[in-house]
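One file, data29.txt, is given below (compact mmCIF, C-alpha atoms).
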```txt
# COMPACT_ATOMS: atom_id res chain seq x y z
CA MET A 10 -0.49 -7.24 -15.48
CA THR A 11 -2.15 -9.62 -13.02
CA THR A 12 -3.60 -8.49 -9.68
CA ILE A 13 -4.35 -10.65 -6.64
CA LYS A 14 -6.33 -9.13 -3.75
CA LEU A 15 -6.79 -10.89 -0.43
CA GLN A 16 -8.22 -9.84 2.92
CA THR A 17 -7.66 -11.54 6.28
CA GLU A 18 -9.37 -10.65 9.58
CA ILE A 19 -7.16 -11.17 12.62
CA ASN A 20 -8.06 -10.96 16.29
CA ALA A 21 -4.84 -9.17 17.33
CA SER A 22 -3.45 -5.67 17.54
CA ILE A 23 -2.49 -3.84 14.36
CA GLN A 24 1.11 -3.48 15.62
CA THR A 25 1.43 -7.23 16.18
CA VAL A 26 0.08 -8.08 12.72
CA PHE A 27 2.22 -5.40 11.05
CA ASP A 28 5.39 -6.64 12.73
CA LEU A 29 4.69 -10.31 11.99
CA ASN A 30 4.33 -9.44 8.31
CA ARG A 31 7.73 -7.80 8.11
CA ASN A 32 9.50 -10.36 10.30
CA ILE A 33 12.01 -12.39 8.27
CA ASP A 34 11.98 -15.30 10.74
CA ILE A 35 8.18 -15.56 10.59
CA HIS A 36 8.33 -15.48 6.78
CA LYS A 37 10.76 -18.40 6.80
CA LEU A 38 8.45 -20.40 9.09
CA SER A 39 5.30 -19.53 7.14
CA THR A 40 6.83 -20.60 3.82
CA SER A 41 8.51 -23.80 4.93
CA LYS A 42 6.63 -25.82 2.26
CA SER A 43 8.66 -24.07 -0.43
CA LYS A 44 11.86 -24.25 1.66
CA GLU A 45 12.26 -20.46 1.65
CA THR A 46 15.65 -19.31 2.93
CA VAL A 47 17.39 -15.94 2.98
CA ILE A 48 20.57 -15.72 0.95
CA ALA A 49 21.28 -11.96 1.15
CA GLY A 50 20.14 -8.70 2.72
CA VAL A 51 18.25 -8.67 6.01
CA THR A 52 18.52 -12.24 7.30
CA SER A 53 16.43 -12.14 10.50
CA GLY A 54 14.21 -9.91 12.59
CA LEU A 55 12.22 -6.97 11.27
CA ILE A 56 12.85 -5.46 7.85
CA HIS A 57 12.57 -1.68 7.40
CA LYS A 58 12.06 0.83 4.60
CA GLY A 59 14.99 0.93 2.21
CA GLU A 60 16.25 -2.55 3.14
CA THR A 61 16.37 -5.59 0.88
CA VAL A 62 16.02 -9.33 1.33
CA THR A 63 16.84 -12.04 -1.19
CA TRP A 64 14.84 -15.23 -0.90
CA ARG A 65 15.58 -18.64 -2.35
CA GLY A 66 12.69 -21.08 -2.50
CA LYS A 67 11.51 -24.12 -4.38
CA HIS A 68 8.58 -23.49 -6.70
CA PHE A 69 7.46 -25.76 -9.54
CA GLY A 70 10.26 -28.18 -8.66
CA ILE A 71 13.12 -25.72 -9.11
CA TYR A 72 14.89 -23.27 -6.82
CA LEU A 73 14.22 -19.62 -7.64
CA THR A 74 15.59 -16.41 -6.15
CA HIS A 75 13.63 -13.21 -5.54
CA LYS A 76 15.18 -9.99 -4.22
CA SER A 77 12.74 -7.50 -2.68
CA LEU A 78 13.14 -3.90 -1.60
CA ILE A 79 10.89 -2.36 1.03
CA SER A 80 10.13 0.74 -1.00
CA GLN A 81 7.51 2.31 1.26
CA MET A 82 6.49 1.94 4.90
CA GLU A 83 3.96 3.76 7.03
CA PHE A 84 4.05 2.21 10.52
CA PRO A 85 1.78 0.37 11.38
CA HIS A 86 -0.59 0.81 8.44
CA SER A 87 1.22 -0.26 5.29
CA PHE A 88 4.35 -1.27 3.49
CA ILE A 89 5.27 -2.20 -0.04
CA ASP A 90 7.83 -4.72 -1.18
CA GLU A 91 8.94 -4.65 -4.79
CA MET A 92 11.06 -7.11 -6.72
CA VAL A 93 14.41 -5.69 -7.79
CA GLU A 94 15.81 -9.01 -9.06
CA GLY A 95 13.97 -12.20 -9.92
CA LYS A 96 12.04 -14.14 -12.54
CA PHE A 97 9.08 -11.78 -12.90
CA LYS A 98 9.03 -8.90 -15.34
CA SER A 99 7.69 -6.87 -12.37
CA PHE A 100 6.33 -7.73 -8.93
CA LYS A 101 4.83 -5.40 -6.30
CA HIS A 102 3.17 -6.49 -3.04
CA GLN A 103 1.26 -3.88 -1.06
CA HIS A 104 0.45 -4.79 2.56
CA VAL A 105 -2.29 -2.69 4.25
CA PHE A 106 -3.47 -2.94 7.86
CA TYR A 107 -6.36 -1.22 9.62
CA GLU A 108 -8.54 -1.75 12.65
CA LYS A 109 -12.23 -2.58 12.43
CA GLU A 110 -14.49 -3.55 15.32
CA GLY A 111 -11.57 -4.49 17.58
CA LYS A 112 -9.81 -6.62 14.98
CA THR A 113 -7.07 -6.00 12.46
CA ILE A 114 -7.86 -6.28 8.79
CA MET A 115 -4.86 -7.30 6.70
CA GLU A 116 -5.09 -6.67 2.97
CA ASP A 117 -2.68 -7.89 0.33
CA GLN A 118 -2.58 -6.54 -3.18
CA ILE A 119 -0.06 -8.21 -5.45
CA GLU A 120 0.54 -6.89 -8.95
CA TYR A 121 2.93 -8.68 -11.26
CA GLU A 122 3.89 -9.19 -14.87
CA THR A 123 5.29 -12.39 -16.29
CA PRO A 124 8.09 -12.50 -18.86
CA PHE A 125 8.07 -14.52 -22.09
CA GLY A 126 5.11 -12.84 -23.82
CA ILE A 127 2.18 -15.11 -24.65
CA PHE A 128 3.89 -18.13 -23.05
CA GLY A 129 4.19 -16.27 -19.75
CA SER A 130 0.55 -15.15 -19.99
CA VAL A 131 -0.66 -18.70 -20.58
CA PHE A 132 1.47 -20.02 -17.70
CA ASP A 133 0.05 -17.26 -15.46
CA THR A 134 -3.55 -18.03 -16.39
CA LEU A 135 -3.21 -21.80 -16.08
CA ILE A 136 -0.87 -22.16 -13.09
CA LEU A 137 0.94 -19.15 -11.62
CA LYS A 138 -1.94 -16.98 -10.35
CA ASN A 139 -3.46 -19.92 -8.46
CA HIS A 140 -0.04 -20.90 -7.08
CA LEU A 141 0.68 -17.38 -5.79
CA THR A 142 -2.83 -17.00 -4.34
CA THR A 143 -2.49 -20.28 -2.43
CA PHE A 144 1.04 -19.36 -1.30
CA ILE A 145 -0.13 -16.02 0.17
CA LYS A 146 -3.30 -17.50 1.70
CA GLU A 147 -1.25 -20.17 3.51
CA ARG A 148 1.21 -17.54 4.71
CA ASN A 149 -1.64 -15.32 5.92
CA GLU A 150 -3.22 -18.21 7.81
CA PHE A 151 0.11 -18.83 9.56
CA ILE A 152 0.35 -15.13 10.49
CA LYS A 153 -3.26 -15.15 11.72
CA LYS A 154 -2.70 -18.17 13.98
CA THR A 155 0.58 -16.76 15.28
CA ALA A 156 -0.89 -13.30 15.98
CA GLU A 157 -3.98 -14.69 17.71
CA HIS A 158 -1.81 -16.82 20.03
CA PHE A 159 0.82 -14.15 20.58
```

Would you put the structure from the file into C-alpha cells?
Amino acid sequence: MTTIKLQTEINASIQTVFDLNRNIDIHKLSTSKSKETVIAGVTSGLIHKGETVTWRGKHFGIYLTHKSLISQMEFPHSFIDEMVEGKFKSFKHQHVFYEKEGKTIMEDQIEYETPFGIFGSVFDTLILKNHLTTFIKERNEFIKKTAEHF
C-alpha cells in the first residue's frame, strides 16, 4: 500500500474550499491536462455521499476509467472517495478541511494498491507515485487559485 499526504493552505472559507473539491465541473477544469471527462454517474455540480462518478482520462498515453463512490461525508470538514471500478487494486482518497488562523487547510491522504504484484510495485516506485502526487498538487493549485478569487 502506498500513501500520499499533501497539505494546501487556502485564503478562503472552509465551505468554499469544501464545495470546490466536490464540484464535478471544477474537477474537469482542474484536470484538463489529462482530458478528464465524466462518462457516468454525477456529471456536473456537487457530488454527495452515496453518489458515484466515473471519470475517463488520459494517463501514460492511454485512456483509463475510474469509478469513485463518495463513501463518507461530513460537511464541511471531510469526505472520502473510493474506487469501485478501475485499474488500481484499491484506491481511497480522504479529503479533510479545517480552519486555522483565518485560512482553510486542505489535506489530502491518498492510499492505493497497484495490481500485478512486483511489476506493479516497481511501476509505482519508479513512475506512478510521482505522477499521482503531481496530478493532485496541480489540481490543488487550481482549487486554491479559484477559491482565493471566488

TODO: Could you jot down the CA of Ser77 in chain A to CA of Glu91 in chain A separation for me, Å, one decimal place?
DONE: 5.2 Å

Task: Spatial neighbours of Lys44 in chain A, max dist 8 Å, all atoms listed in the file, sep filter under 5 positions, as a list in words - done: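 Near neighbours after the sequence-gap exclusion: Lys37, Arg65, Gly66 and Lys67 of chain A.
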
Open item on the list: Just checking: using all atoms listed in the file, which residue out of A:Ile35, A:Leu55, A:Leu135, A:Leu78 ends up closest to Thr155 in chain A?
Closed with: A:Ile35

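For the pair CA of Ile19 in chain A and CA of Met92 in chain A, the separation is 26.9 Å.
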
TODO: Give as an MDAnalysis selection string the set of residues within 9 Å of the point (13.9, -2.0, -3.3), where distances use the file's coordinates and all atoms listed in the file.
DONE: chainID A and resid 58:62 76:81 90:93

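Once Asn20 in chain A and its same-chain neighbours fewer than 4 positions away are set aside, Lys112, Thr113 and Glu157 of chain A remain within 7 Å of it when counting only C-alpha atoms.
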
Hey, can I get the axis-aligned box for range 100-112 of chain A? All listed atoms, 5 Å padding on each side, centre and edge lengths in Å to one decimal, as JSON.
```
{"center_x": -4.1, "center_y": -4.5, "center_z": 4.3, "size_x": 30.8, "size_y": 16.5, "size_z": 36.5}
```

- [ ] Measuring atom to atom with only C-alpha atoms, identify which of A:Leu29, A:Val105, A:Val47, A:Leu141 is nearest to Lys153 in chain A.
- [x] A:Leu29

- [ ] Choose the residue, out of A:Met115, A:Phe128, A:Thr40, A:Thr46, that has the smallest atom-to-atom separation from Ala156 in chain A; count all atoms listed in the file.
- [x]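 Closest to Ala156 in chain A, using all atoms listed in the file: A:Met115.
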
Open item on the list: Quick check, in Å to one decimal: how far apart do CA of Gln118 in chain A and CA of His140 in chain A lie?
Closed with: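 Separating CA of Gln118 in chain A from CA of His140 in chain A is a distance of 15.1 Å.
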
Task: Contacts of Lys98 in chain A within 8 Å, only C-alpha atoms, excl. fewer than 3 positions in-chain, as a PyMOL selection string - done: chain A and resi 121-124

Task: A:Glu18, A:Ile136, A:Ile152, A:Phe100 ranked by distance to Asn32 in chain A, top pick (using only C-alpha atoms) - done: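 Closest to Asn32 in chain A, using only C-alpha atoms: A:Ile152.
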
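Of the residues under consideration (A:Ser43, A:Thr17, A:Ser87, A:Ser53), A:Ser43 shows the shortest atom-to-atom contact distance to Tyr72 in chain A when counting only C-alpha atoms.
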
Open item on the list: Taking only C-alpha atoms into account, name the residue in A:Asn139, A:Thr12, A:Gln103, A:Asn30 that is nearest to Phe151 in chain A.
Closed with: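 Result for the nearest residue to Phe151 in chain A: A:Asn30.
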
Give me range 101-121 of chain A with N, CA and C atoms filled in, as a short mmCIF file (atom, residue, chain, number, x, y, z; two decimals), in the frame of the given file.
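The resulting file, part-v1.cif, is reproduced below:
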```cif
data_model
loop_
_atom_site.label_atom_id
_atom_site.label_comp_id
_atom_site.auth_asym_id
_atom_site.auth_seq_id
_atom_site.Cartn_x
_atom_site.Cartn_y
_atom_site.Cartn_z
N LYS A 101 5.05 -6.38 -7.37
CA LYS A 101 4.83 -5.40 -6.30
C LYS A 101 3.77 -5.96 -5.35
N HIS A 102 4.09 -5.97 -4.06
CA HIS A 102 3.17 -6.49 -3.04
C HIS A 102 2.90 -5.39 -2.02
N GLN A 103 1.67 -4.91 -2.01
CA GLN A 103 1.26 -3.88 -1.06
C GLN A 103 0.55 -4.56 0.10
N HIS A 104 1.02 -4.26 1.32
CA HIS A 104 0.45 -4.79 2.56
C HIS A 104 -0.24 -3.62 3.27
N VAL A 105 -1.53 -3.76 3.58
CA VAL A 105 -2.29 -2.69 4.25
C VAL A 105 -2.95 -3.28 5.49
N PHE A 106 -2.92 -2.50 6.58
CA PHE A 106 -3.47 -2.94 7.86
C PHE A 106 -4.34 -1.82 8.43
N TYR A 107 -5.52 -2.20 8.92
CA TYR A 107 -6.36 -1.22 9.62
C TYR A 107 -7.22 -1.96 10.64
N GLU A 108 -7.73 -1.18 11.59
CA GLU A 108 -8.54 -1.75 12.65
C GLU A 108 -10.02 -1.57 12.33
N LYS A 109 -10.78 -2.62 12.65
CA LYS A 109 -12.23 -2.58 12.43
C LYS A 109 -12.89 -3.45 13.49
N GLU A 110 -13.73 -2.84 14.29
CA GLU A 110 -14.49 -3.55 15.32
C GLU A 110 -13.60 -4.40 16.22
N GLY A 111 -12.47 -3.83 16.65
CA GLY A 111 -11.57 -4.49 17.58
C GLY A 111 -10.66 -5.54 16.97
N LYS A 112 -10.67 -5.66 15.66
CA LYS A 112 -9.81 -6.62 14.98
C LYS A 112 -8.94 -5.89 13.97
N THR A 113 -7.91 -6.56 13.50
CA THR A 113 -7.07 -6.00 12.46
C THR A 113 -7.43 -6.65 11.13
N ILE A 114 -7.62 -5.81 10.14
CA ILE A 114 -7.86 -6.28 8.79
C ILE A 114 -6.54 -6.16 8.03
N MET A 115 -6.11 -7.25 7.46
CA MET A 115 -4.86 -7.30 6.70
C MET A 115 -5.24 -7.50 5.23
N GLU A 116 -4.81 -6.57 4.39
CA GLU A 116 -5.09 -6.67 2.97
C GLU A 116 -3.79 -6.81 2.19
N ASP A 117 -3.81 -7.70 1.24
CA ASP A 117 -2.68 -7.89 0.33
C ASP A 117 -3.16 -7.54 -1.07
N GLN A 118 -2.35 -6.76 -1.76
CA GLN A 118 -2.58 -6.54 -3.18
C GLN A 118 -1.27 -6.80 -3.89
N ILE A 119 -1.26 -7.82 -4.72
CA ILE A 119 -0.06 -8.21 -5.45
C ILE A 119 -0.31 -7.93 -6.93
N GLU A 120 0.60 -7.18 -7.53
CA GLU A 120 0.54 -6.89 -8.95
C GLU A 120 1.84 -7.38 -9.57
N TYR A 121 1.72 -8.16 -10.64
CA TYR A 121 2.93 -8.68 -11.26
C TYR A 121 2.73 -8.85 -12.76
#
```
